[in-house]
Amino acid sequence: IAKKGFSTPTEIQDKTLEHLLAGRDLMGVAQTGTGKTGAFLIPLINRLVSGKDSFRILVLAPTRELALQIDEEFKSLTSGLGLYSQCFIGGTNLNRDLQKLGRKSHIVIGTPGRLLDLYQRRAIKFSEFDVLILDEFDRMLDMGFNKDVHRITSQMSNRKQTLLFSATVDRKQQGFIDRLLTNPIEVKVSNGETTGKHIDQEIIKVVDGQDKFGMLTDLLGQPEFTKVLVFAETKRWVSKVNKMLTQSGFSSDEIHGNKSQNYRQVALKKFSSGRIQILVATDVAARGLDVSDVTHVINYQLPASIDSYIHRIGRTGRAGKQGKAFTFIN
């Protein structure tokens, strides 16, 4: 932890630590960028390192990018400690995953689809895991993942601890949450329905006849727009906006569901390292994506819901820094 430069815990980390060290079920709700990944990893790593507990952890994440990010965070927090993780996501070589499962691991992180693939091939047994974590649980429990999560959790009836973490809460999921958790602690650093105070939010109205793309390039041309996430609503629009930006001389790339996993990782790396100024994305990038020092988020197209808006703009103003978000409204 010291090597990573952390000196004091964030609020969500501080308020959940004792409960997680004690092995309690927990639901944690906090704004994006407030250290939720560390909140669940640090106490569990501490318990593994102490040697008093012997357990295996399964982490479910809604997107490939988030799963990889959790895996990277675990590896950096456990450097030299003899603790091992494995990450299984769609869009990668299945045979390689099958080979990896022969190796020792204390934590397995993955997207539900790929984990169920491995389960159906009898390569993984969910019943062997003692701790279950659902990161971005509101997305994990929505219509797209509900059945997959249910299939996985039904095989884990003997688990000792279940943790749910997210920035937003969907009240319609309360029944499922109650079935997943036993006598849980609830820690809400935010109510899951509002955006962060440290993100300045502005609306840009586009009236008929105005050049919306020209308005976007005017913004992006300003010197302070150094690391910008631009969101569009569909894969086709993401590709279209990215193409127009590169043709206009901007350094830009795109990530969305139609791109290969390798392409998405390379684009993300270029954006993280500052080799490109702009990353155009669908909501796949809004979930848990942790890129440091994103200066601006621009909603070129309106998100479908307030939850989606909260997750999108939460890519800026992370770790207590100030951020800025612009939303175009036609």
# chains A, B, ... in the order shown; residues from 1 in each chain; ligands from 1
$ residues_around --residues "range 221-227 of chain A" --least-positions-apart "2" --cutoff "9 Å" --atoms "only C-alpha atoms" --output "PyMOL selection string"
chain A and resi 216-219+229+250+271-272+274+276-279+293-297
$ write_last_selection --atoms "N, CA, C and O atoms" --output "compact mmCIF listing (two decimals), in the first residue's frame"
# COMPACT_ATOMS: atom_id res chain seq x y z
N LEU A 216 -18.16 20.74 -30.94
CA LEU A 216 -17.30 19.77 -30.24
C LEU A 216 -15.82 20.07 -30.50
O LEU A 216 -15.02 20.11 -29.56
N THR A 217 -15.47 20.30 -31.77
CA THR A 217 -14.04 20.54 -32.08
C THR A 217 -13.56 21.88 -31.50
O THR A 217 -12.40 22.00 -31.12
N ASP A 218 -14.46 22.86 -31.39
CA ASP A 218 -14.09 24.13 -30.74
C ASP A 218 -13.69 23.88 -29.29
O ASP A 218 -12.70 24.44 -28.79
N LEU A 219 -14.46 23.02 -28.60
CA LEU A 219 -14.14 22.68 -27.21
C LEU A 219 -12.79 21.97 -27.15
O LEU A 219 -11.92 22.32 -26.36
N LEU A 229 -12.64 12.14 -22.56
CA LEU A 229 -13.51 11.01 -22.93
C LEU A 229 -14.76 11.58 -23.57
O LEU A 229 -15.44 12.42 -22.97
N PHE A 250 -7.31 15.63 -34.97
CA PHE A 250 -7.18 15.30 -33.54
C PHE A 250 -6.61 13.90 -33.36
O PHE A 250 -6.84 13.01 -34.19
N PHE A 271 -4.60 5.98 -24.55
CA PHE A 271 -5.29 7.09 -23.88
C PHE A 271 -4.72 7.32 -22.47
O PHE A 271 -4.44 8.45 -22.08
N SER A 272 -4.52 6.23 -21.74
CA SER A 272 -3.98 6.33 -20.37
C SER A 272 -2.61 6.98 -20.35
O SER A 272 -2.30 7.79 -19.48
N GLY A 274 -1.37 9.00 -22.51
CA GLY A 274 -1.34 10.35 -23.07
C GLY A 274 -0.89 10.41 -24.51
O GLY A 274 -0.65 11.49 -25.05
N ILE A 276 -2.72 9.62 -27.02
CA ILE A 276 -3.83 10.25 -27.75
C ILE A 276 -4.58 11.17 -26.79
O ILE A 276 -4.59 10.96 -25.58
N GLN A 277 -5.19 12.21 -27.35
CA GLN A 277 -5.89 13.22 -26.54
C GLN A 277 -7.31 12.77 -26.20
O GLN A 277 -7.83 13.04 -25.12
N ILE A 278 -7.95 12.04 -27.14
CA ILE A 278 -9.39 11.77 -27.03
C ILE A 278 -9.68 10.28 -27.18
O ILE A 278 -9.11 9.61 -28.05
N LEU A 279 -10.56 9.77 -26.33
CA LEU A 279 -11.08 8.41 -26.48
C LEU A 279 -12.60 8.53 -26.61
O LEU A 279 -13.27 9.09 -25.74
N ASP A 293 -6.37 11.25 -14.25
CA ASP A 293 -6.26 12.61 -14.80
C ASP A 293 -7.03 12.85 -16.09
O ASP A 293 -6.56 13.58 -16.97
N VAL A 294 -8.22 12.25 -16.22
CA VAL A 294 -9.10 12.61 -17.34
C VAL A 294 -9.59 14.03 -17.05
O VAL A 294 -10.22 14.29 -16.02
N THR A 295 -9.26 14.96 -17.96
CA THR A 295 -9.57 16.37 -17.68
C THR A 295 -11.04 16.68 -17.92
O THR A 295 -11.65 17.47 -17.20
N HIS A 296 -11.61 16.05 -18.96
CA HIS A 296 -12.99 16.36 -19.33
C HIS A 296 -13.74 15.11 -19.81
O HIS A 296 -13.14 14.24 -20.44
N VAL A 297 -15.02 15.08 -19.49
CA VAL A 297 -15.93 14.10 -20.10
C VAL A 297 -16.94 14.89 -20.92
O VAL A 297 -17.51 15.88 -20.44
$ residues_around --residues "Asn46 in chain A" --least-positions-apart "4" --cutoff "12 Å" --atoms "only C-alpha atoms" --output "number ranges by chain"
A: 1, 17-18, 20-23, 38-42, 50-54, 74, 77-78, 81, 83
$ residues_around --residues "Val266 in chain A" --least-positions-apart "4" --cutoff "12 Å" --atoms "only C-alpha atoms" --output "list of chain:residue names"
A:Glu65, A:Asp253, A:Glu254, A:Ile255, A:Lys259, A:Ser260, A:Gln261, A:Asn262, A:Lys270, A:Phe271, A:Ser272, A:Ser273, A:Arg275, A:Ile276, A:Leu279
$ select_by_dssp --residues "range 213-278 of chain A" --states "strand (DSSP E)" --output "ChimeraX atom specification"
/A:228-231,252-255,278
$ write_last_selection --atoms "all heavy atoms" --output "compact mmCIF listing (two decimals), in the first residue's frame"
# COMPACT_ATOMS: atom_id res chain seq x y z
N VAL A 228 -9.46 13.65 -22.84
CA VAL A 228 -10.91 13.81 -22.93
C VAL A 228 -11.61 12.50 -23.34
O VAL A 228 -11.22 11.86 -24.32
CB VAL A 228 -11.28 14.91 -23.96
CG1 VAL A 228 -12.77 15.21 -23.91
CG2 VAL A 228 -10.46 16.18 -23.72
N LEU A 229 -12.64 12.14 -22.56
CA LEU A 229 -13.51 11.01 -22.93
C LEU A 229 -14.76 11.58 -23.57
O LEU A 229 -15.44 12.42 -22.97
CB LEU A 229 -13.90 10.23 -21.67
CG LEU A 229 -13.21 8.88 -21.42
CD1 LEU A 229 -13.64 8.36 -20.06
CD2 LEU A 229 -13.52 7.86 -22.49
N VAL A 230 -15.05 11.14 -24.79
CA VAL A 230 -16.26 11.58 -25.49
C VAL A 230 -17.20 10.38 -25.59
O VAL A 230 -16.82 9.32 -26.10
CB VAL A 230 -15.92 12.12 -26.90
CG1 VAL A 230 -17.20 12.47 -27.66
CG2 VAL A 230 -15.01 13.34 -26.81
N PHE A 231 -18.43 10.55 -25.10
CA PHE A 231 -19.40 9.45 -25.12
C PHE A 231 -20.45 9.65 -26.20
O PHE A 231 -21.01 10.73 -26.34
CB PHE A 231 -20.10 9.32 -23.76
CG PHE A 231 -19.24 8.68 -22.72
CD1 PHE A 231 -18.63 9.44 -21.73
CD2 PHE A 231 -19.05 7.31 -22.72
CE1 PHE A 231 -17.84 8.84 -20.76
CE2 PHE A 231 -18.25 6.71 -21.76
CZ PHE A 231 -17.65 7.47 -20.78
N SER A 252 -7.11 10.67 -31.76
CA SER A 252 -8.31 10.08 -31.17
C SER A 252 -8.38 8.59 -31.47
O SER A 252 -7.81 8.12 -32.45
CB SER A 252 -9.53 10.81 -31.75
OG SER A 252 -10.73 10.15 -31.43
N ASP A 253 -9.07 7.83 -30.61
CA ASP A 253 -9.35 6.42 -30.88
C ASP A 253 -10.70 6.08 -30.27
O ASP A 253 -11.34 6.93 -29.65
CB ASP A 253 -8.24 5.51 -30.32
CG ASP A 253 -8.06 4.24 -31.17
OD1 ASP A 253 -9.04 3.79 -31.79
OD2 ASP A 253 -6.94 3.71 -31.20
N GLU A 254 -11.13 4.83 -30.44
CA GLU A 254 -12.48 4.45 -30.01
C GLU A 254 -12.48 3.12 -29.28
O GLU A 254 -11.63 2.25 -29.54
CB GLU A 254 -13.41 4.37 -31.23
CG GLU A 254 -12.97 3.31 -32.25
CD GLU A 254 -13.75 3.37 -33.56
OE1 GLU A 254 -14.89 2.86 -33.58
OE2 GLU A 254 -13.20 3.92 -34.55
N ILE A 255 -13.42 2.94 -28.35
CA ILE A 255 -13.67 1.61 -27.79
C ILE A 255 -15.18 1.37 -27.69
O ILE A 255 -15.93 2.24 -27.25
CB ILE A 255 -12.98 1.34 -26.42
CG1 ILE A 255 -13.45 2.28 -25.33
CG2 ILE A 255 -11.49 1.35 -26.50
CD1 ILE A 255 -12.97 1.83 -23.94
N ILE A 278 -7.95 12.04 -27.14
CA ILE A 278 -9.39 11.77 -27.03
C ILE A 278 -9.68 10.28 -27.18
O ILE A 278 -9.11 9.61 -28.05
CB ILE A 278 -10.17 12.53 -28.13
CG1 ILE A 278 -9.86 14.03 -28.08
CG2 ILE A 278 -11.67 12.29 -28.03
CD1 ILE A 278 -9.96 14.72 -29.43
$ residues_around --residues "Val108 in chain A" --least-positions-apart "3" --cutoff "6 Å" --atoms "only C-alpha atoms" --output "list in words"
Leu58, Ser85, Gln86 and Cys87 of chain A
$ write_last_selection --atoms "all heavy atoms" --output "CSV table (one decimal), in the first residue's frame"
chain,number,residue,atom,x,y,z
A,58,LEU,N,-14.2,-15.0,-5.6
A,58,LEU,CA,-14.6,-14.8,-7.0
A,58,LEU,C,-15.2,-13.4,-7.1
A,58,LEU,O,-16.1,-13.0,-6.4
A,58,LEU,CB,-15.7,-15.8,-7.3
A,58,LEU,CG,-16.3,-15.8,-8.7
A,58,LEU,CD1,-15.3,-16.3,-9.7
A,58,LEU,CD2,-17.6,-16.7,-8.8
A,85,SER,N,-3.6,-14.3,-8.7
A,85,SER,CA,-5.0,-14.0,-9.3
A,85,SER,C,-5.0,-14.5,-10.7
A,85,SER,O,-4.0,-14.7,-11.4
A,85,SER,CB,-5.2,-12.5,-9.3
A,85,SER,OG,-4.3,-11.9,-10.2
A,86,GLN,N,-6.2,-14.8,-11.2
A,86,GLN,CA,-6.5,-15.1,-12.6
A,86,GLN,C,-7.7,-14.3,-13.1
A,86,GLN,O,-8.6,-14.1,-12.3
A,86,GLN,CB,-6.8,-16.6,-12.7
A,86,GLN,CG,-5.5,-17.5,-12.5
A,86,GLN,CD,-5.8,-19.0,-12.6
A,86,GLN,OE1,-7.0,-19.4,-12.6
A,86,GLN,NE2,-4.8,-19.8,-12.6
A,87,CYS,N,-7.6,-13.9,-14.3
A,87,CYS,CA,-8.7,-13.1,-14.9
A,87,CYS,C,-9.2,-13.7,-16.2
A,87,CYS,O,-8.4,-14.1,-17.1
A,87,CYS,CB,-8.1,-11.7,-15.2
A,87,CYS,SG,-9.4,-10.5,-15.7
$ closest_residue --among "A:Leu98, A:Leu289, A:Leu302, A:Val207" --to "Gln120 in chain A" --atoms "only C-alpha atoms"
A:Leu98
$ closest_residue --among "A:Leu101, A:Leu60, A:Leu68, A:Val131" --to "Val149 in chain A" --atoms "only C-alpha atoms"
A:Leu60
$ residues_around --residues "Pro62 in chain A" --least-positions-apart "5" --cutoff "7 Å" --atoms "only C-alpha atoms" --output "list in words"
Thr111, Arg139 and Met140 of chain A
$ residues_around --residues "Phe176 in chain A" --least-positions-apart "4" --cutoff "12 Å" --atoms "only C-alpha atoms" --output "compact mmCIF listing (two decimals) with all heavy atoms, in the first residue's frame"
# COMPACT_ATOMS: atom_id res chain seq x y z
N PHE A 137 -22.50 -3.64 -8.95
CA PHE A 137 -23.55 -4.66 -8.81
C PHE A 137 -24.87 -4.26 -9.45
O PHE A 137 -25.63 -5.12 -9.90
CB PHE A 137 -23.77 -5.02 -7.33
CG PHE A 137 -24.43 -3.95 -6.50
CD1 PHE A 137 -25.80 -3.79 -6.51
CD2 PHE A 137 -23.67 -3.13 -5.68
CE1 PHE A 137 -26.40 -2.81 -5.73
CE2 PHE A 137 -24.28 -2.16 -4.89
CZ PHE A 137 -25.65 -1.99 -4.93
N ASP A 138 -25.16 -2.95 -9.55
CA ASP A 138 -26.44 -2.57 -10.18
C ASP A 138 -26.46 -3.00 -11.64
O ASP A 138 -27.48 -3.44 -12.16
CB ASP A 138 -26.68 -1.06 -10.04
CG ASP A 138 -25.62 -0.22 -10.74
OD1 ASP A 138 -24.44 -0.62 -10.71
OD2 ASP A 138 -25.97 0.84 -11.30
N MET A 140 -24.57 -5.52 -12.76
CA MET A 140 -24.51 -6.98 -12.72
C MET A 140 -25.89 -7.60 -12.54
O MET A 140 -26.14 -8.72 -12.97
CB MET A 140 -23.61 -7.46 -11.57
CG MET A 140 -22.16 -7.07 -11.68
SD MET A 140 -21.36 -7.71 -13.16
CE MET A 140 -21.73 -9.42 -13.04
N LEU A 141 -26.78 -6.88 -11.87
CA LEU A 141 -28.10 -7.44 -11.57
C LEU A 141 -29.18 -6.95 -12.53
O LEU A 141 -30.35 -7.23 -12.33
CB LEU A 141 -28.51 -7.08 -10.13
CG LEU A 141 -27.56 -7.54 -9.02
CD1 LEU A 141 -28.12 -7.17 -7.65
CD2 LEU A 141 -27.32 -9.04 -9.09
N ASP A 142 -28.78 -6.23 -13.59
CA ASP A 142 -29.82 -5.77 -14.51
C ASP A 142 -30.20 -6.89 -15.47
O ASP A 142 -29.70 -8.01 -15.39
CB ASP A 142 -29.40 -4.47 -15.23
CG ASP A 142 -28.42 -4.69 -16.37
OD1 ASP A 142 -28.09 -5.85 -16.67
OD2 ASP A 142 -27.96 -3.69 -16.96
N MET A 143 -31.09 -6.59 -16.39
CA MET A 143 -31.67 -7.63 -17.25
C MET A 143 -30.63 -8.44 -18.02
O MET A 143 -30.76 -9.63 -18.21
CB MET A 143 -32.65 -7.00 -18.25
CG MET A 143 -33.88 -6.38 -17.59
SD MET A 143 -34.71 -7.48 -16.42
CE MET A 143 -35.43 -8.65 -17.55
N ASN A 146 -28.66 -10.68 -15.17
CA ASN A 146 -29.40 -11.25 -14.05
C ASN A 146 -29.36 -12.78 -14.02
O ASN A 146 -29.04 -13.39 -12.99
CB ASN A 146 -30.86 -10.76 -14.14
CG ASN A 146 -31.55 -10.82 -12.80
OD1 ASN A 146 -31.41 -11.79 -12.09
ND2 ASN A 146 -32.28 -9.77 -12.46
N LYS A 147 -29.67 -13.39 -15.16
CA LYS A 147 -29.72 -14.86 -15.22
C LYS A 147 -28.34 -15.47 -15.01
O LYS A 147 -28.20 -16.48 -14.32
CB LYS A 147 -30.29 -15.32 -16.56
CG LYS A 147 -31.80 -15.14 -16.65
CD LYS A 147 -32.32 -15.61 -18.00
CE LYS A 147 -33.82 -15.32 -18.10
NZ LYS A 147 -34.29 -15.44 -19.48
N VAL A 149 -25.77 -14.18 -13.36
CA VAL A 149 -25.38 -14.03 -11.95
C VAL A 149 -26.12 -15.06 -11.10
O VAL A 149 -25.54 -15.68 -10.21
CB VAL A 149 -25.65 -12.59 -11.45
CG1 VAL A 149 -25.44 -12.48 -9.94
CG2 VAL A 149 -24.74 -11.59 -12.18
N HIS A 150 -27.40 -15.25 -11.39
CA HIS A 150 -28.19 -16.22 -10.63
C HIS A 150 -27.63 -17.64 -10.80
O HIS A 150 -27.54 -18.39 -9.83
CB HIS A 150 -29.65 -16.17 -11.07
CG HIS A 150 -30.55 -17.01 -10.22
ND1 HIS A 150 -30.89 -16.66 -8.94
CD2 HIS A 150 -31.14 -18.22 -10.45
CE1 HIS A 150 -31.66 -17.59 -8.41
NE2 HIS A 150 -31.82 -18.55 -9.31
N THR A 153 -24.34 -17.76 -8.70
CA THR A 153 -24.52 -17.70 -7.24
C THR A 153 -25.27 -18.93 -6.71
O THR A 153 -25.06 -19.33 -5.57
CB THR A 153 -25.27 -16.42 -6.81
OG1 THR A 153 -26.51 -16.33 -7.54
CG2 THR A 153 -24.44 -15.19 -7.09
N LEU A 164 -21.20 -6.45 -2.26
CA LEU A 164 -21.73 -5.73 -3.43
C LEU A 164 -21.23 -4.30 -3.38
O LEU A 164 -21.38 -3.62 -2.35
CB LEU A 164 -23.26 -5.73 -3.44
CG LEU A 164 -24.01 -7.05 -3.26
CD1 LEU A 164 -25.51 -6.82 -3.32
CD2 LEU A 164 -23.59 -8.07 -4.30
N ASP A 170 -30.15 0.58 -8.11
CA ASP A 170 -31.45 0.45 -8.75
C ASP A 170 -32.40 -0.20 -7.74
O ASP A 170 -32.25 -1.37 -7.40
CB ASP A 170 -31.32 -0.42 -10.02
CG ASP A 170 -32.63 -0.51 -10.80
OD1 ASP A 170 -33.69 -0.18 -10.21
OD2 ASP A 170 -32.59 -0.92 -11.96
N ARG A 171 -33.37 0.57 -7.27
CA ARG A 171 -34.25 0.09 -6.20
C ARG A 171 -35.06 -1.14 -6.62
O ARG A 171 -35.50 -1.91 -5.78
CB ARG A 171 -35.21 1.21 -5.77
CG ARG A 171 -34.44 2.39 -5.19
CD ARG A 171 -35.36 3.41 -4.54
NE ARG A 171 -34.61 4.58 -4.13
CZ ARG A 171 -33.81 4.65 -3.08
NH1 ARG A 171 -33.61 3.58 -2.34
NH2 ARG A 171 -33.17 5.76 -2.77
N LYS A 172 -35.23 -1.34 -7.92
CA LYS A 172 -36.00 -2.50 -8.41
C LYS A 172 -35.26 -3.81 -8.12
O LYS A 172 -35.82 -4.88 -8.21
CB LYS A 172 -36.27 -2.38 -9.91
CG LYS A 172 -37.14 -1.18 -10.29
CD LYS A 172 -37.66 -1.27 -11.70
CE LYS A 172 -36.59 -1.07 -12.75
NZ LYS A 172 -36.18 0.34 -12.89
N LEU A 180 -29.12 -12.30 -2.02
CA LEU A 180 -27.67 -12.51 -2.11
C LEU A 180 -26.96 -12.32 -0.77
O LEU A 180 -25.96 -12.99 -0.49
CB LEU A 180 -27.05 -11.53 -3.12
CG LEU A 180 -27.20 -11.85 -4.61
CD1 LEU A 180 -26.70 -10.68 -5.45
CD2 LEU A 180 -26.44 -13.12 -4.98
N LEU A 181 -27.47 -11.40 0.04
CA LEU A 181 -26.77 -11.01 1.27
C LEU A 181 -27.44 -11.59 2.52
O LEU A 181 -28.65 -11.72 2.58
CB LEU A 181 -26.73 -9.48 1.39
CG LEU A 181 -26.03 -8.71 0.26
CD1 LEU A 181 -26.20 -7.22 0.44
CD2 LEU A 181 -24.56 -9.08 0.16
N THR A 182 -26.61 -11.93 3.50
CA THR A 182 -27.11 -12.44 4.79
C THR A 182 -26.72 -11.48 5.90
O THR A 182 -25.53 -11.24 6.11
CB THR A 182 -26.51 -13.84 5.08
OG1 THR A 182 -26.79 -14.71 3.98
CG2 THR A 182 -27.09 -14.43 6.35
$ closest_residue --among "A:Gly5, A:Gly314, A:Pro184, A:Gly113" --to "Arg24 in chain A" --atoms "only C-alpha atoms"
A:Pro184
$ residues_around --residues "Arg114 in chain A" --least-positions-apart "4" --cutoff "9 Å" --atoms "only C-alpha atoms" --output "list of chain:residue names"
A:Phe88, A:Ile89, A:Gly90, A:Gly91, A:Leu94, A:Gly110, A:Leu118, A:Tyr119
$ closest_residue --among "A:Glu11, A:Asp148, A:Asp211, A:Asp25" --to "Leu132 in chain A" --atoms "only C-alpha atoms"
A:Asp25
$ atom_distance --atom1 "CA of Lys205 in chain A" --atom2 "CA of Pro303 in chain A"
15.3 Å
$ atom_distance --atom1 "CA of Ser154 in chain A" --atom2 "CA of Arg56 in chain A"
16.8 Å
$ closest_residue --among "A:Ser166, A:Thr8, A:Gln161, A:Thr37" --to "Asp290 in chain A" --atoms "only C-alpha atoms"
A:Thr37
$ atom_distance --atom1 "CA of Arg121 in chain A" --atom2 "CA of His256 in chain A"
28.2 Å
$ closest_residue --among "A:Gln201, A:Thr63, A:Thr168, A:Asn258" --to "Ile310 in chain A" --atoms "only C-alpha atoms"
A:Thr168
$ decode --residues "range 215-230 of chain A" --atoms "N, CA and C atoms" --output "PDB file, in the first residue's frame"
ATOM      1  N   MET A 215     -19.019  22.543 -32.854  1.00  0.00           N
ATOM      2  CA  MET A 215     -19.018  22.976 -31.448  1.00  0.00           C
ATOM      3  C   MET A 215     -18.128  22.052 -30.609  1.00  0.00           C
ATOM      4  N   LEU A 216     -18.155  20.743 -30.942  1.00  0.00           N
ATOM      5  CA  LEU A 216     -17.302  19.774 -30.240  1.00  0.00           C
ATOM      6  C   LEU A 216     -15.822  20.065 -30.503  1.00  0.00           C
ATOM      7  N   THR A 217     -15.465  20.297 -31.767  1.00  0.00           N
ATOM      8  CA  THR A 217     -14.043  20.544 -32.082  1.00  0.00           C
ATOM      9  C   THR A 217     -13.561  21.878 -31.501  1.00  0.00           C
ATOM     10  N   ASP A 218     -14.460  22.860 -31.395  1.00  0.00           N
ATOM     11  CA  ASP A 218     -14.090  24.128 -30.741  1.00  0.00           C
ATOM     12  C   ASP A 218     -13.688  23.882 -29.287  1.00  0.00           C
ATOM     13  N   LEU A 219     -14.463  23.021 -28.603  1.00  0.00           N
ATOM     14  CA  LEU A 219     -14.138  22.675 -27.215  1.00  0.00           C
ATOM     15  C   LEU A 219     -12.791  21.970 -27.147  1.00  0.00           C
ATOM     16  N   LEU A 220     -12.652  20.925 -27.967  1.00  0.00           N
ATOM     17  CA  LEU A 220     -11.463  20.072 -27.918  1.00  0.00           C
ATOM     18  C   LEU A 220     -10.187  20.817 -28.307  1.00  0.00           C
ATOM     19  N   GLY A 221     -10.352  21.910 -29.011  1.00  0.00           N
ATOM     20  CA  GLY A 221      -9.186  22.703 -29.433  1.00  0.00           C
ATOM     21  C   GLY A 221      -8.623  23.602 -28.351  1.00  0.00           C
ATOM     22  N   GLN A 222      -9.370  23.723 -27.241  1.00  0.00           N
ATOM     23  CA  GLN A 222      -8.893  24.574 -26.142  1.00  0.00           C
ATOM     24  C   GLN A 222      -7.758  23.861 -25.385  1.00  0.00           C
ATOM     25  N   PRO A 223      -6.732  24.620 -24.950  1.00  0.00           N
ATOM     26  CA  PRO A 223      -5.515  24.003 -24.402  1.00  0.00           C
ATOM     27  C   PRO A 223      -5.723  23.131 -23.169  1.00  0.00           C
ATOM     28  N   GLU A 224      -6.759  23.429 -22.352  1.00  0.00           N
ATOM     29  CA  GLU A 224      -6.946  22.644 -21.121  1.00  0.00           C
ATOM     30  C   GLU A 224      -7.576  21.269 -21.370  1.00  0.00           C
ATOM     31  N   PHE A 225      -8.088  21.033 -22.582  1.00  0.00           N
ATOM     32  CA  PHE A 225      -8.715  19.738 -22.908  1.00  0.00           C
ATOM     33  C   PHE A 225      -7.626  18.744 -23.331  1.00  0.00           C
ATOM     34  N   THR A 226      -6.886  18.251 -22.346  1.00  0.00           N
ATOM     35  CA  THR A 226      -5.715  17.427 -22.675  1.00  0.00           C
ATOM     36  C   THR A 226      -6.000  15.922 -22.690  1.00  0.00           C
ATOM     37  N   LYS A 227      -6.993  15.491 -21.920  1.00  0.00           N
ATOM     38  CA  LYS A 227      -7.297  14.049 -21.826  1.00  0.00           C
ATOM     39  C   LYS A 227      -8.811  13.914 -21.715  1.00  0.00           C
ATOM     40  N   VAL A 228      -9.462  13.646 -22.839  1.00  0.00           N
ATOM     41  CA  VAL A 228     -10.914  13.808 -22.931  1.00  0.00           C
ATOM     42  C   VAL A 228     -11.609  12.503 -23.337  1.00  0.00           C
ATOM     43  N   LEU A 229     -12.638  12.139 -22.563  1.00  0.00           N
ATOM     44  CA  LEU A 229     -13.505  11.012 -22.932  1.00  0.00           C
ATOM     45  C   LEU A 229     -14.762  11.575 -23.565  1.00  0.00           C
ATOM     46  N   VAL A 230     -15.048  11.139 -24.788  1.00  0.00           N
ATOM     47  CA  VAL A 230     -16.260  11.578 -25.490  1.00  0.00           C
ATOM     48  C   VAL A 230     -17.204  10.384 -25.591  1.00  0.00           C
TER      49      VAL A 230
END
